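This report concerns only the one structure given below.
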Amino acid sequence: MHSRRLILNTMIVNEGQCRKGHVLIDDDRIERIVFGEAPRDLIDVAGVIDGEGSWLLPGVIDTHVHFRDPGLTYKADMESESRAAAMGGVTTWLDMPNTVPQTTTREALSEKMALAARKSRVNYGFFFGATTDNVDVLPKLNRRKVAGVKLFMGASTGNMLVDDEAALRAVFENSRLPIVAHCEDSAVIARRMAEARERYGDDPDVCHHPEIRSAEACYASTVKAVALATETGARLHVAHITTERELGLFSAGDTHITAEACVPHLLFTDADYARLGTRIKCNPAVKTAADRAALRRALSEGIVSSIATDHAPHALTDKVGGAARAASGMPMVQFSLVAMLDLVDEGVLSIERLVELMCHAPARLFNIENRGFLREGYKADLVMVRRDHPWTLTPNRIASRCNWSPLEGHTFKWRVARTFCNGFQIYNGHRLTDESFRGEAVTFDR
């Protein structure tokens with residue numbers, strides 16, 4: 001059914017500007033954007049939403065999630081986690097390949113695409129996993145339909161660890177798609193774990209996790225990835241940078257070798273292990289206050305190119321144990337936007353820069369078509385946020401299947417008031433508006 005909707009009198013944050021204006025949506029597209037007074041012909045449409053007191057942003061594009069489908073759905077699945085995404089203002093997610101089975105064949109990729117078409121509340125895309133024995137498949141991947149190639153250069157599950165020099169070079173030489181690299185040196189991690197076990201027992205306390213998954217391990221691997229990308233000309237995006245030293249390997253304005261920061265490393269430090277324990281255990285590990293401060297500075301300096309979540313839900317029973325036994329990863333997709341808006345209030349970055357890092361840059365880095373910006377003719381993926389009623393995160397607000405968050409008890413000043421996906425208001429600030437609505441597979445302009 002054809003529909004038109006008008007959002008009036010909102011602060012539009014887009015492409016470096018924040019100005020009061022009005023947005024007309026026609027079906028799934030943005031038809032008009034007008035600043036200043038709204039013309040009479042614009043007002044005479046059905047479905048007017050008064051945006052007074054709100055900020056309107058492009059829908060967040062989270063380029064680093066683990067939605068667990070297929071095979072690990074007791075933790076989460078595409079339905080539950082895309083529901084959480086919609087409630088958090090995230091209108092597009094890109095899923096990583098370390099699932100069960102792994103997304104390391106074109107058949108597995110097709111299966112996940114079919115699952116998402118049935119389950120996802122918002123838009124979606126997928127990475128293909130590099131292994132030591134599927135290099136010949138990489139040049140054959142559909143550049144319009146695959147987000148990129150995920151490369152684990154540090155300890156991972158199954159055969160997804162690629163740390164042999166010849167195999168690594170083959171991945172960099174053969175991928176026609178962006179390579180997203182998880183950079184931790186396996187040999188350093190193994191040595192540090194052996195040392196920790198000798199000192200602290202078989203399962204060292206989680207406070208030792210950043211000593212095991214150390215800054216040394218991260219830097220050594222990131223140096224290697226950057227060198228290979230430079231030598232081969234491959235397009236490289238290094239995932240979840242965690243250390244100040246690694247930041248020195250990237251340059252502001254470089255579009256060929258880029259860095260991602262993830263929300264947990266922008267929020268927490270190693271001092272928080274005492275309070276939150278394994279709830280903030282993730283790989284790479286949350287590190288020092290100095291590292292966090294450097295990451296935060298890099299957001300505005302242009303050294304970090306994008307913000308993602310590394311959303312990785314686990315059942316709380318999986319988080320029992322210490323540095324060796326507890327699962328690594330935490331749910332973040334539902335509260336990433338409001339958490340980063342807290343940093344705007346703290347003066348860490350501007351709201352315009354937040355939109356660049358969470359909306360524009362993800363679309364640009366992966367060449368996502370017609371999304372990530374508020375532009376006439378683009379898909380109407382939008383999020384309206386307000387700052388008028390502080391609220392405290394309690395478990396009853398959590399949509400992720402795991403039903404916990406390391407942010408429980410935190411009082412947020414911002415809230416997501418509405419989420420629009422492909423022109424449809426999927427979230428009204430309280431609940432999803434239509435249980436039958438599904439997102440679309442995004443396409444890539446390559």
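In the structure tokens, each chain is lettered A, B, ... as it comes, each chain's residues begin at 1, and ligands are numbered from 1 in order of appearance.
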
### Residues near Ile212 (chain A), cut-off 7 Å, only C-alpha atoms, skip fewer than 6 positions along chain, as a ChimeraX atom specification
/A:189,192-193

### Query
What residues in region 91-330 of chain A get the DSSP label strand (DSSP E or B)? Please answer as a VMD selection string.
chain A and resid 91 to 95 123 to 129 148 to 152 161 179 to 182 236 to 238 257 to 262 306 to 308 311 330

File of the preceding selection, N, CA and C atoms, as a short mmCIF file (atom, residue, chain, number, x, y, z; two decimals), in the first residue's frame:
data_model
loop_
_atom_site.label_atom_id
_atom_site.label_comp_id
_atom_site.auth_asym_id
_atom_site.auth_seq_id
_atom_site.Cartn_x
_atom_site.Cartn_y
_atom_site.Cartn_z
N THR A 91 19.27 0.13 11.95
CA THR A 91 18.41 -0.29 10.84
C THR A 91 19.10 -1.23 9.87
N THR A 92 20.41 -1.43 10.03
CA THR A 92 21.14 -2.40 9.20
C THR A 92 22.22 -3.06 10.05
N TRP A 93 22.33 -4.38 9.92
CA TRP A 93 23.40 -5.10 10.60
C TRP A 93 24.13 -6.00 9.61
N LEU A 94 25.44 -6.15 9.86
CA LEU A 94 26.28 -7.04 9.06
C LEU A 94 26.85 -8.10 10.00
N ASP A 95 26.57 -9.36 9.68
CA ASP A 95 26.84 -10.47 10.58
C ASP A 95 28.16 -11.17 10.23
N ASN A 123 17.27 -4.34 8.17
CA ASN A 123 18.07 -4.74 7.01
C ASN A 123 19.33 -5.48 7.44
N TYR A 124 19.90 -6.24 6.52
CA TYR A 124 20.95 -7.17 6.90
C TYR A 124 21.93 -7.43 5.75
N GLY A 125 23.10 -7.91 6.15
CA GLY A 125 24.13 -8.36 5.21
C GLY A 125 25.10 -9.27 5.95
N PHE A 126 26.01 -9.91 5.19
CA PHE A 126 26.87 -10.93 5.79
C PHE A 126 28.30 -10.85 5.27
N PHE A 127 29.23 -11.22 6.16
CA PHE A 127 30.62 -11.42 5.79
C PHE A 127 30.86 -12.89 5.50
N PHE A 128 31.82 -13.15 4.63
CA PHE A 128 32.27 -14.50 4.29
C PHE A 128 33.56 -14.76 5.05
N GLY A 129 33.71 -15.95 5.63
CA GLY A 129 34.88 -16.25 6.45
C GLY A 129 36.01 -16.85 5.65
N GLY A 148 31.97 -8.38 2.83
CA GLY A 148 33.42 -8.43 2.85
C GLY A 148 33.89 -9.79 3.31
N VAL A 149 35.19 -9.92 3.51
CA VAL A 149 35.81 -11.15 3.96
C VAL A 149 36.32 -10.94 5.38
N LYS A 150 35.88 -11.81 6.30
CA LYS A 150 36.36 -11.73 7.68
C LYS A 150 37.56 -12.66 7.84
N LEU A 151 38.62 -12.10 8.39
CA LEU A 151 39.87 -12.83 8.56
C LEU A 151 40.26 -12.84 10.03
N PHE A 152 40.33 -14.02 10.63
CA PHE A 152 40.77 -14.15 12.02
C PHE A 152 42.27 -14.41 12.03
N LEU A 161 41.04 -19.75 12.08
CA LEU A 161 42.31 -19.08 12.36
C LEU A 161 43.22 -19.21 11.15
N ILE A 179 38.66 -6.63 3.42
CA ILE A 179 39.02 -7.61 4.44
C ILE A 179 38.85 -6.97 5.81
N VAL A 180 38.05 -7.60 6.66
CA VAL A 180 37.90 -7.16 8.04
C VAL A 180 38.69 -8.13 8.91
N ALA A 181 39.72 -7.64 9.57
CA ALA A 181 40.65 -8.52 10.27
C ALA A 181 40.50 -8.41 11.79
N HIS A 182 40.42 -9.58 12.43
CA HIS A 182 40.54 -9.68 13.88
C HIS A 182 42.03 -9.92 14.15
N LEU A 236 41.74 -3.02 3.64
CA LEU A 236 41.78 -3.58 4.99
C LEU A 236 41.04 -2.68 5.97
N HIS A 237 40.18 -3.29 6.76
CA HIS A 237 39.51 -2.63 7.88
C HIS A 237 39.81 -3.47 9.12
N VAL A 238 40.57 -2.93 10.07
CA VAL A 238 40.95 -3.68 11.26
C VAL A 238 39.85 -3.52 12.31
N ILE A 257 43.26 1.67 4.33
CA ILE A 257 43.56 0.92 5.55
C ILE A 257 42.92 1.68 6.70
N THR A 258 41.87 1.11 7.28
CA THR A 258 41.04 1.83 8.24
C THR A 258 40.86 1.03 9.52
N ALA A 259 40.37 1.72 10.56
CA ALA A 259 40.25 1.12 11.89
C ALA A 259 38.84 1.29 12.43
N GLU A 260 38.39 0.25 13.13
CA GLU A 260 37.09 0.25 13.80
C GLU A 260 37.31 0.28 15.31
N ALA A 261 36.51 1.07 16.00
CA ALA A 261 36.43 0.99 17.46
C ALA A 261 35.09 0.38 17.82
N CYS A 262 35.07 -0.44 18.86
CA CYS A 262 33.82 -1.04 19.31
C CYS A 262 33.38 -0.45 20.64
N SER A 306 35.20 4.13 12.10
CA SER A 306 33.82 3.72 12.36
C SER A 306 33.68 3.15 13.76
N ILE A 307 32.44 3.19 14.25
CA ILE A 307 32.09 2.57 15.53
C ILE A 307 31.12 1.42 15.24
N ALA A 308 31.39 0.25 15.82
CA ALA A 308 30.49 -0.90 15.75
C ALA A 308 30.34 -1.45 17.16
N HIS A 311 28.58 -7.01 18.83
CA HIS A 311 27.47 -7.60 19.58
C HIS A 311 27.61 -9.11 19.57
N MET A 330 29.73 -9.82 24.53
CA MET A 330 28.62 -9.23 25.29
C MET A 330 27.59 -8.64 24.34
#

### Task
Check region 232-387 of chain A with DSSP on the backbone and list each residue it calls alpha helix (DSSP H), as JSON, numbers by chain.
{"A": [232, 244, 245, 246, 247, 263, 264, 265, 266, 267, 273, 274, 275, 276, 289, 290, 291, 292, 293, 294, 295, 296, 297, 298, 299, 300, 301, 336, 337, 338, 339, 340, 341, 342, 343, 344, 345, 351, 352, 353, 354, 355, 361, 362, 363, 364, 365]}

#### Entry: Residues near region 98-102 of chain A, cut-off 7 Å, only C-alpha atoms, skip fewer than 2 positions along chain, as a ChimeraX atom specification
/A:68-72,96,104

### Message
I'd like to know which of A:Ser175, A:Ser405, A:Thr132, A:Ser120 is closest to Ala86 (chain A), using only C-alpha atoms.
### Response
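Of the candidates, the smallest distance to Ala86 (chain A) is held by A:Ser120.
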
### Message
Rounded to one decimal, what separation in Å do you get between CA of Ile351 (chain A) and CA of Trp55 (chain A)?
### Response
9.7 Å

#### Entry: Surrounding residues of Leu6 (chain A) excluding itself and chain neighbours under 4 positions, 8 Å, only C-alpha atoms, as a list in words
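So the residues in contact are His22, Val23, Leu24, Ile25, Leu42, Ile43, Val45, Ala46, Gly47, Val48 and Ile49 of chain A.
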
### Message
Could you check the closest approach to Arg415 (chain A) for each of A:Val333, A:Ala227, A:Ala108, A:Leu341 and tell me which residue wins, using only C-alpha atoms?
### Response
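That would be A:Leu341, the residue with the smallest distance to Arg415 (chain A).
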
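Nearest residue to Asp342 (chain A), choosing from A:Pro210, A:Pro390, A:Gly302, A:Pro178 and counting only C-alpha atoms: A:Pro390.
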
### Message
Using Å and a single decimal, report how far CA of Tyr378 (chain A) sits from CA of Thr419 (chain A).
### Response
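Distance reported for this atom pair: 15.9 Å.
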
#### Entry: Neighbour list for Arg401 (chain A) as a list in words, cut-off 9 Å, only C-alpha atoms, skip fewer than 6 positions in-chain
Thr73, Tyr74, Lys75, Ala76, Asp77, Ser80, Glu81, Pro313, His314 and Ala315 of chain A

Would you write out those residues with N, CA, C and O atoms, as a PDB file, in the first residue's frame?
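again39.pdb was written with the following content:
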ATOM      1  N   THR A  73      21.310 -20.910  18.574  1.00  0.00           N
ATOM      2  CA  THR A  73      20.141 -20.071  18.806  1.00  0.00           C
ATOM      3  C   THR A  73      19.637 -20.096  20.244  1.00  0.00           C
ATOM      4  O   THR A  73      18.726 -19.343  20.578  1.00  0.00           O
ATOM      5  N   TYR A  74      20.215 -20.945  21.095  1.00  0.00           N
ATOM      6  CA  TYR A  74      19.863 -20.836  22.509  1.00  0.00           C
ATOM      7  C   TYR A  74      20.414 -19.541  23.093  1.00  0.00           C
ATOM      8  O   TYR A  74      19.894 -19.026  24.095  1.00  0.00           O
ATOM      9  N   LYS A  75      21.454 -18.984  22.470  1.00  0.00           N
ATOM     10  CA  LYS A  75      22.008 -17.702  22.912  1.00  0.00           C
ATOM     11  C   LYS A  75      21.212 -16.531  22.338  1.00  0.00           C
ATOM     12  O   LYS A  75      20.943 -15.541  23.023  1.00  0.00           O
ATOM     13  N   ALA A  76      20.875 -16.641  21.041  1.00  0.00           N
ATOM     14  CA  ALA A  76      20.243 -15.551  20.312  1.00  0.00           C
ATOM     15  C   ALA A  76      19.935 -16.046  18.917  1.00  0.00           C
ATOM     16  O   ALA A  76      20.433 -17.094  18.493  1.00  0.00           O
ATOM     17  N   ASP A  77      19.129 -15.300  18.178  1.00  0.00           N
ATOM     18  CA  ASP A  77      18.960 -15.577  16.759  1.00  0.00           C
ATOM     19  C   ASP A  77      18.660 -14.273  16.029  1.00  0.00           C
ATOM     20  O   ASP A  77      18.592 -13.211  16.641  1.00  0.00           O
ATOM     21  N   SER A  80      15.479 -12.327  17.445  1.00  0.00           N
ATOM     22  CA  SER A  80      15.608 -11.640  18.734  1.00  0.00           C
ATOM     23  C   SER A  80      16.592 -10.478  18.658  1.00  0.00           C
ATOM     24  O   SER A  80      16.334  -9.389  19.203  1.00  0.00           O
ATOM     25  N   GLU A  81      17.703 -10.668  17.965  1.00  0.00           N
ATOM     26  CA  GLU A  81      18.733  -9.628  17.963  1.00  0.00           C
ATOM     27  C   GLU A  81      18.390  -8.490  16.997  1.00  0.00           C
ATOM     28  O   GLU A  81      18.744  -7.337  17.247  1.00  0.00           O
ATOM     29  N   PRO A 313      26.033 -11.970  21.980  1.00  0.00           N
ATOM     30  CA  PRO A 313      25.287 -12.439  23.149  1.00  0.00           C
ATOM     31  C   PRO A 313      25.649 -13.866  23.533  1.00  0.00           C
ATOM     32  O   PRO A 313      25.861 -14.732  22.683  1.00  0.00           O
ATOM     33  N   HIS A 314      25.727 -14.081  24.841  1.00  0.00           N
ATOM     34  CA  HIS A 314      25.927 -15.416  25.414  1.00  0.00           C
ATOM     35  C   HIS A 314      24.919 -15.611  26.538  1.00  0.00           C
ATOM     36  O   HIS A 314      24.554 -14.655  27.238  1.00  0.00           O
ATOM     37  N   ALA A 315      24.502 -16.837  26.756  1.00  0.00           N
ATOM     38  CA  ALA A 315      23.756 -17.155  27.970  1.00  0.00           C
ATOM     39  C   ALA A 315      24.668 -16.893  29.168  1.00  0.00           C
ATOM     40  O   ALA A 315      25.889 -17.094  29.095  1.00  0.00           O
TER      41      ALA A 315
END

### Near-Leu249 (chain A) list (12 Å; only C-alpha atoms; drop same-chain fewer than 2 positions) as a count of residues only
26

### Query
Between CA of Phe420 (chain A) and CA of Arg4 (chain A), what is the spacing in Å?
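If I compute the distance from CA of Arg4 (chain A) to CA of Phe420 (chain A), I get 12.8 Å.
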
### Message
My list of candidates is A:Val122, A:Leu115, A:Ile7, A:Leu141. Which is closest to Arg438 (chain A) when distances are computed with only C-alpha atoms?
### Response
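For Arg438 (chain A), the nearest of the candidates is A:Val122.
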
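Proximity of A:Glu31, A:Pro139, A:Gln334, A:Ser214 to Ala84 (chain A), computed with only C-alpha atoms, is greatest for A:Gln334.
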
#### Entry: Near-Arg191 (chain A) list (12 Å; only C-alpha atoms; drop same-chain fewer than 4 positions) as a ChimeraX atom specification
/A:185-187,195-198,211-214,216-217

### Query
Looking at A:Leu8, A:Cys207, A:Val13, A:Ala326, which one is nearest to Gly51 (chain A), with distances taken over only C-alpha atoms?
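Smallest distance to Gly51 (chain A) is found for A:Leu8.
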